[in-house]
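The structure file start14.cif is reproduced below (mmCIF, C-alpha atoms).
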```cif
data_model
#
loop_
_atom_site.label_atom_id
_atom_site.label_comp_id
_atom_site.auth_asym_id
_atom_site.auth_seq_id
_atom_site.Cartn_x
_atom_site.Cartn_y
_atom_site.Cartn_z
CA MET A 1 -16.14 35.20 4.84
CA GLY A 2 -19.36 35.25 2.86
CA ASP A 3 -17.69 36.40 -0.35
CA TYR A 4 -16.87 32.82 -1.36
CA GLN A 5 -20.57 31.95 -1.12
CA ALA A 6 -21.43 34.63 -3.69
CA ILE A 7 -18.59 33.53 -5.96
CA ALA A 8 -19.71 29.89 -5.71
CA GLN A 9 -23.26 30.89 -6.62
CA GLN A 10 -22.13 33.00 -9.59
CA PHE A 11 -19.78 30.31 -10.80
CA THR A 12 -22.49 27.63 -10.59
CA GLU A 13 -25.00 29.72 -12.55
CA PHE A 14 -22.43 30.57 -15.22
CA TYR A 15 -21.11 27.01 -15.46
CA TYR A 16 -24.44 25.28 -16.10
CA LYS A 17 -25.84 28.05 -18.28
CA THR A 18 -22.75 27.69 -20.49
CA PHE A 19 -22.80 23.87 -20.31
CA ASP A 20 -26.43 23.71 -21.40
CA ALA A 21 -25.98 26.27 -24.22
CA ASP A 22 -22.63 25.11 -25.72
CA ARG A 23 -20.33 23.08 -23.52
CA ALA A 24 -17.25 23.70 -25.72
CA GLN A 25 -17.40 27.26 -24.33
CA LEU A 26 -16.37 25.95 -20.90
CA ALA A 27 -12.73 25.72 -22.07
CA PRO A 28 -11.63 29.07 -20.58
CA LEU A 29 -12.56 27.75 -17.12
CA TYR A 30 -9.96 24.96 -17.23
CA ARG A 31 -6.14 24.85 -17.31
CA ASP A 32 -3.63 22.18 -18.27
CA ASN A 33 -3.34 21.05 -14.64
CA SER A 34 -7.14 20.82 -14.20
CA MET A 35 -8.60 17.41 -13.37
CA LEU A 36 -12.02 15.98 -14.18
CA THR A 37 -13.34 12.71 -12.79
CA PHE A 38 -16.51 11.95 -14.71
CA GLU A 39 -18.39 8.89 -13.47
CA ALA A 40 -15.07 7.48 -12.18
CA LYS A 41 -13.16 8.14 -15.43
CA PRO A 42 -10.19 10.54 -15.04
CA PHE A 43 -9.28 13.34 -17.49
CA GLN A 44 -6.57 16.00 -17.22
CA GLY A 45 -6.00 19.26 -19.09
CA THR A 46 -8.32 21.65 -20.89
CA ALA A 47 -8.39 19.90 -24.28
CA THR A 48 -8.94 16.44 -22.80
CA ILE A 49 -11.65 17.64 -20.41
CA ILE A 50 -13.55 19.64 -23.04
CA GLY A 51 -13.17 16.73 -25.48
CA GLN A 52 -14.89 14.46 -22.97
CA LEU A 53 -17.70 16.93 -22.30
CA VAL A 54 -18.32 17.56 -26.00
CA ASP A 55 -18.29 13.80 -26.70
CA LEU A 56 -21.07 13.06 -24.21
CA PRO A 57 -23.80 11.27 -26.15
CA PHE A 58 -26.51 13.91 -26.03
CA LYS A 59 -27.10 17.20 -27.79
CA ARG A 60 -29.62 18.80 -25.46
CA ILE A 61 -29.16 18.88 -21.72
CA GLU A 62 -30.64 20.94 -18.92
CA HIS A 63 -29.15 21.15 -15.42
CA GLN A 64 -31.48 22.19 -12.60
CA VAL A 65 -29.47 23.10 -9.51
CA ALA A 66 -31.01 22.19 -6.15
CA THR A 67 -28.23 23.06 -3.68
CA VAL A 68 -24.91 24.94 -3.73
CA ASP A 69 -22.53 24.64 -0.79
CA ALA A 70 -19.19 26.44 -0.51
CA GLN A 71 -16.17 26.53 1.80
CA PRO A 72 -12.72 28.13 1.55
CA SER A 73 -10.28 25.39 0.50
CA ASN A 74 -6.97 27.07 1.41
CA ASP A 75 -5.41 30.36 2.57
CA GLN A 76 -4.79 31.54 -1.01
CA GLY A 77 -8.45 32.11 -1.91
CA GLY A 78 -9.38 28.66 -3.20
CA ILE A 79 -13.06 27.74 -2.96
CA LEU A 80 -14.78 24.36 -2.75
CA VAL A 81 -18.16 24.32 -4.50
CA ILE A 82 -20.49 21.34 -4.07
CA VAL A 83 -23.59 21.24 -6.24
CA SER A 84 -26.50 18.83 -6.21
CA GLY A 85 -29.32 18.88 -8.69
CA VAL A 86 -31.07 17.06 -11.46
CA LEU A 87 -30.43 16.86 -15.17
CA LEU A 88 -32.73 16.33 -18.10
CA VAL A 89 -31.27 14.87 -21.28
CA GLU A 90 -32.74 15.25 -24.79
CA GLU A 91 -36.47 14.64 -24.86
CA GLU A 92 -36.24 12.36 -21.84
CA ARG A 93 -38.47 13.90 -19.21
CA ARG A 94 -37.28 11.67 -16.39
CA PRO A 95 -34.72 13.67 -14.40
CA MET A 96 -31.53 12.09 -12.97
CA SER A 97 -29.95 13.30 -9.74
CA TYR A 98 -26.30 14.31 -9.81
CA THR A 99 -23.65 15.82 -7.60
CA GLN A 100 -20.63 17.80 -8.78
CA THR A 101 -17.72 19.09 -6.70
CA PHE A 102 -15.38 21.84 -7.93
CA GLN A 103 -12.31 23.40 -6.45
CA LEU A 104 -11.87 26.92 -7.86
CA LEU A 105 -8.42 28.50 -7.63
CA PRO A 106 -7.78 32.24 -8.00
CA GLU A 107 -5.77 33.50 -10.96
CA SER A 108 -5.26 37.18 -11.86
CA GLY A 109 -8.48 38.38 -10.31
CA ASN A 110 -10.56 35.51 -11.61
CA TYR A 111 -10.94 31.77 -10.92
CA TYR A 112 -10.32 28.56 -12.79
CA VAL A 113 -11.47 24.98 -12.13
CA PHE A 114 -8.64 22.91 -10.63
CA ASN A 115 -10.76 19.95 -9.46
CA ASP A 116 -14.02 18.73 -11.00
CA ILE A 117 -15.76 15.51 -9.92
CA PHE A 118 -19.12 14.51 -11.39
CA ARG A 119 -21.38 11.64 -10.28
CA LEU A 120 -24.90 10.58 -11.01
CA VAL A 121 -26.72 9.66 -7.79
CA TYR A 122 -29.11 6.77 -8.13
CA PRO A 123 -32.23 6.51 -5.99
CA ALA A 124 -31.57 4.77 -2.70
CA ALA A 125 -34.62 2.57 -2.53
CA MET B 1 -0.46 9.37 -8.39
CA GLY B 2 -2.60 6.45 -7.31
CA ASP B 3 -1.59 6.74 -3.69
CA TYR B 4 -4.27 9.32 -2.95
CA GLN B 5 -6.89 6.86 -4.19
CA ALA B 6 -5.81 4.30 -1.59
CA ILE B 7 -5.72 6.94 1.14
CA ALA B 8 -9.21 8.15 0.16
CA GLN B 9 -10.53 4.59 0.32
CA GLN B 10 -8.92 3.92 3.71
CA PHE B 11 -10.14 7.22 5.10
CA THR B 12 -13.71 6.58 3.91
CA GLU B 13 -13.84 3.11 5.45
CA PHE B 14 -12.42 4.36 8.74
CA TYR B 15 -14.65 7.43 8.85
CA TYR B 16 -17.99 5.66 8.44
CA LYS B 17 -17.03 2.66 10.56
CA THR B 18 -16.19 5.09 13.37
CA PHE B 19 -19.26 7.26 12.70
CA ASP B 20 -21.61 4.29 12.84
CA ALA B 21 -19.99 2.83 15.99
CA ASP B 22 -19.49 6.00 18.10
CA ARG B 23 -19.36 9.31 16.29
CA ALA B 24 -17.74 11.16 19.22
CA GLN B 25 -14.61 9.17 18.32
CA LEU B 26 -14.27 11.20 15.09
CA ALA B 27 -12.82 14.13 17.08
CA PRO B 28 -9.14 13.26 16.33
CA LEU B 29 -9.87 13.71 12.60
CA TYR B 30 -10.75 17.42 12.98
CA ARG B 31 -8.81 20.56 13.97
CA ASP B 32 -9.85 24.00 15.17
CA ASN B 33 -9.74 25.33 11.59
CA SER B 34 -11.85 22.45 10.22
CA MET B 35 -15.18 23.33 8.63
CA LEU B 36 -18.37 21.29 8.41
CA THR B 37 -21.39 22.28 6.34
CA PHE B 38 -24.18 19.91 7.31
CA GLU B 39 -27.36 20.32 5.28
CA ALA B 40 -26.39 23.97 4.66
CA LYS B 41 -25.61 24.71 8.34
CA PRO B 42 -22.00 25.79 8.98
CA PHE B 43 -19.84 24.60 11.92
CA GLN B 44 -16.18 25.30 12.66
CA GLY B 45 -13.69 23.65 15.01
CA THR B 46 -13.43 20.17 16.48
CA ALA B 47 -15.71 20.69 19.50
CA THR B 48 -18.45 22.42 17.50
CA ILE B 49 -18.35 19.84 14.71
CA ILE B 50 -18.39 16.83 17.03
CA GLY B 51 -21.13 18.49 19.09
CA GLN B 52 -23.26 18.73 15.97
CA LEU B 53 -22.62 15.12 14.96
CA VAL B 54 -23.35 13.79 18.45
CA ASP B 55 -26.53 15.89 18.65
CA LEU B 56 -28.01 14.39 15.49
CA PRO B 57 -31.40 12.97 16.45
CA PHE B 58 -30.70 9.28 16.03
CA LYS B 59 -28.81 6.67 17.99
CA ARG B 60 -28.30 4.02 15.34
CA ILE B 61 -27.07 4.83 11.87
CA GLU B 62 -25.51 2.81 9.09
CA HIS B 63 -23.69 4.32 6.11
CA GLN B 64 -23.42 2.20 2.97
CA VAL B 65 -20.85 3.68 0.59
CA ALA B 66 -21.61 3.38 -3.13
CA THR B 67 -18.81 5.45 -4.72
CA VAL B 68 -15.53 7.05 -3.60
CA ASP B 69 -13.77 9.54 -5.93
CA ALA B 70 -10.46 11.22 -5.13
CA GLN B 71 -8.21 13.90 -6.63
CA PRO B 72 -5.12 15.73 -5.34
CA SER B 73 -6.27 19.15 -4.09
CA ASN B 74 -2.92 20.98 -3.95
CA ASP B 75 0.85 20.51 -4.27
CA GLN B 76 1.26 19.88 -0.54
CA GLY B 77 -0.45 16.49 -0.47
CA GLY B 78 -4.05 17.55 0.11
CA ILE B 79 -6.72 15.12 -1.13
CA LEU B 80 -10.31 15.70 -2.17
CA VAL B 81 -12.58 12.76 -1.32
CA ILE B 82 -16.13 12.65 -2.68
CA VAL B 83 -18.41 9.93 -1.36
CA SER B 84 -21.91 8.97 -2.41
CA GLY B 85 -24.00 6.35 -0.70
CA VAL B 86 -27.07 5.63 1.32
CA LEU B 87 -27.80 5.79 5.00
CA LEU B 88 -30.16 3.86 7.20
CA VAL B 89 -31.33 5.48 10.44
CA GLU B 90 -32.66 3.62 13.51
CA GLU B 91 -35.21 0.98 12.61
CA GLU B 92 -36.17 2.87 9.46
CA ARG B 93 -35.50 0.49 6.59
CA ARG B 94 -35.97 3.10 3.86
CA PRO B 95 -32.50 4.27 2.83
CA MET B 96 -31.70 7.93 2.02
CA SER B 97 -29.09 8.92 -0.56
CA TYR B 98 -26.32 11.28 0.54
CA THR B 99 -23.15 12.82 -0.77
CA GLN B 100 -20.21 13.97 1.36
CA THR B 101 -17.10 15.85 0.23
CA PHE B 102 -13.94 16.00 2.33
CA GLN B 103 -10.66 17.78 1.86
CA LEU B 104 -7.92 15.94 3.76
CA LEU B 105 -4.74 17.85 4.58
CA PRO B 106 -1.46 16.17 5.57
CA GLU B 107 -0.08 16.70 9.07
CA SER B 108 2.94 14.89 10.54
CA GLY B 109 2.58 11.79 8.41
CA ASN B 110 -1.19 11.58 8.78
CA TYR B 111 -4.25 13.51 7.54
CA TYR B 112 -6.96 15.62 9.08
CA VAL B 113 -10.30 16.83 7.72
CA PHE B 114 -10.10 20.50 6.70
CA ASN B 115 -13.35 20.63 4.67
CA ASP B 116 -16.46 18.49 5.22
CA ILE B 117 -19.72 19.08 3.35
CA PHE B 118 -22.69 16.76 3.82
CA ARG B 119 -25.95 16.72 1.84
CA LEU B 120 -28.88 14.40 1.55
CA VAL B 121 -29.80 13.87 -2.11
CA TYR B 122 -33.51 13.57 -2.71
CA PRO B 123 -34.89 11.46 -5.57
CA ALA B 124 -35.14 13.42 -8.79
CA ALA B 125 -38.55 12.31 -9.91
#
```

Represent the structure of the file as structure tokens.
Amino acid sequence: MGDYQAIAQQFTEFYYKTFDADRAQLAPLYRDNSMLTFEAKPFQGTATIIGQLVDLPFKRIEHQVATVDAQPSNDQGGILVIVSGVLLVEEERRPMSYTQTFQLLPESGNYYVFNDIFRLVYPAA
Amino acid sequence: MGDYQAIAQQFTEFYYKTFDADRAQLAPLYRDNSMLTFEAKPFQGTATIIGQLVDLPFKRIEHQVATVDAQPSNDQGGILVIVSGVLLVEEERRPMSYTQTFQLLPESGNYYVFNDIFRLVYPAA
């Protein structure tokens, strides 16, 4: 217990730093059985997922993480990571809220992303 | 494939209908190994989790679900369910955005909540 919190934090920092610098470099985090649901659209497999991320219609993006929650997801060392934050796209200075859920699964001493679900969260009022 | 989407939808409707009517009645959905992280505070086990939900400082609450995403979480029939929506508390008419992630695990033909992570999402701007 506790270790998964540190791993979730490290993963989150690495993931968004890489995403914001060059999102094609996220490929090593995914496998062919990985799933992404991006704003309700489903993608499966490394090439398909990275293709979708690279095709997003912006060049510059900045994620600002507000919260990171983590729980063990199974007895084999899986970790659920739930992030909320805001993102800034291109020169647009109006941030949008988002939430992203990952399930990380262990593999030879490291982790890969098995589940990935991304949603923008619109203001309630 | 596809089936988990229907189960996620049914679960979500049942969960919030029960929560908003009498949240003590959610007890059958949890087990002693279930985990809840509620606004960063961790709880484990049915009695502890239900105790926390019942102790929340409001009598009337209404969840309005905006989105439900689902993915298989393992090869044994587990399902990740990610909900976003708004909630209205007591007579307060100003809604708050929230996101809640569940992992449902199968058990004798039904499902229970193994992971439950709740977060309010504050407006970005």

Evaluating the PyMOL selection byres ((chain B) within 6 of (chain A)) on the displayed file yields which residues, as a PyMOL selection string? chain B and resi 95-97+123-124

Atom CA of Ala6 of chain B and atom CA of Gln64 of chain B are how many Å apart?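 Atom-to-atom, atom CA of Ala6 of chain B and atom CA of Gln64 of chain B are spaced 18.3 Å apart.
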
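The interatomic distance for the pair atom CA of Ala24 of chain A and atom CA of Tyr112 of chain A works out to 15.5 Å.
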
I need the residue nearest Val113 of chain B from this list: B:Val65, B:Ile7, B:Ile79, B:Val54. Use only C-alpha atoms for the distance.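 Distance minimum relative to Val113 of chain B lands on B:Ile79.
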
Please write the residues picked by the PyMOL selection byres ((chain B and resi 33) around 7) on this file as a list in words.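 Applied to this file, the PyMOL selection byres ((chain B and resi 33) around 7) selects Arg31, Asp32, Ser34, Met35, Gln44, Gly45 and Phe114 of chain B.
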
Tell me which protein, DNA and RNA residues are within 12 Å of Leu26 of chain A, counting only C-alpha atoms, leaving out same-chain ones fewer than 6 positions away, and put them as a VMD selection string. chain A and resid 11 14 to 20 46 to 47 49 to 54 112 to 113
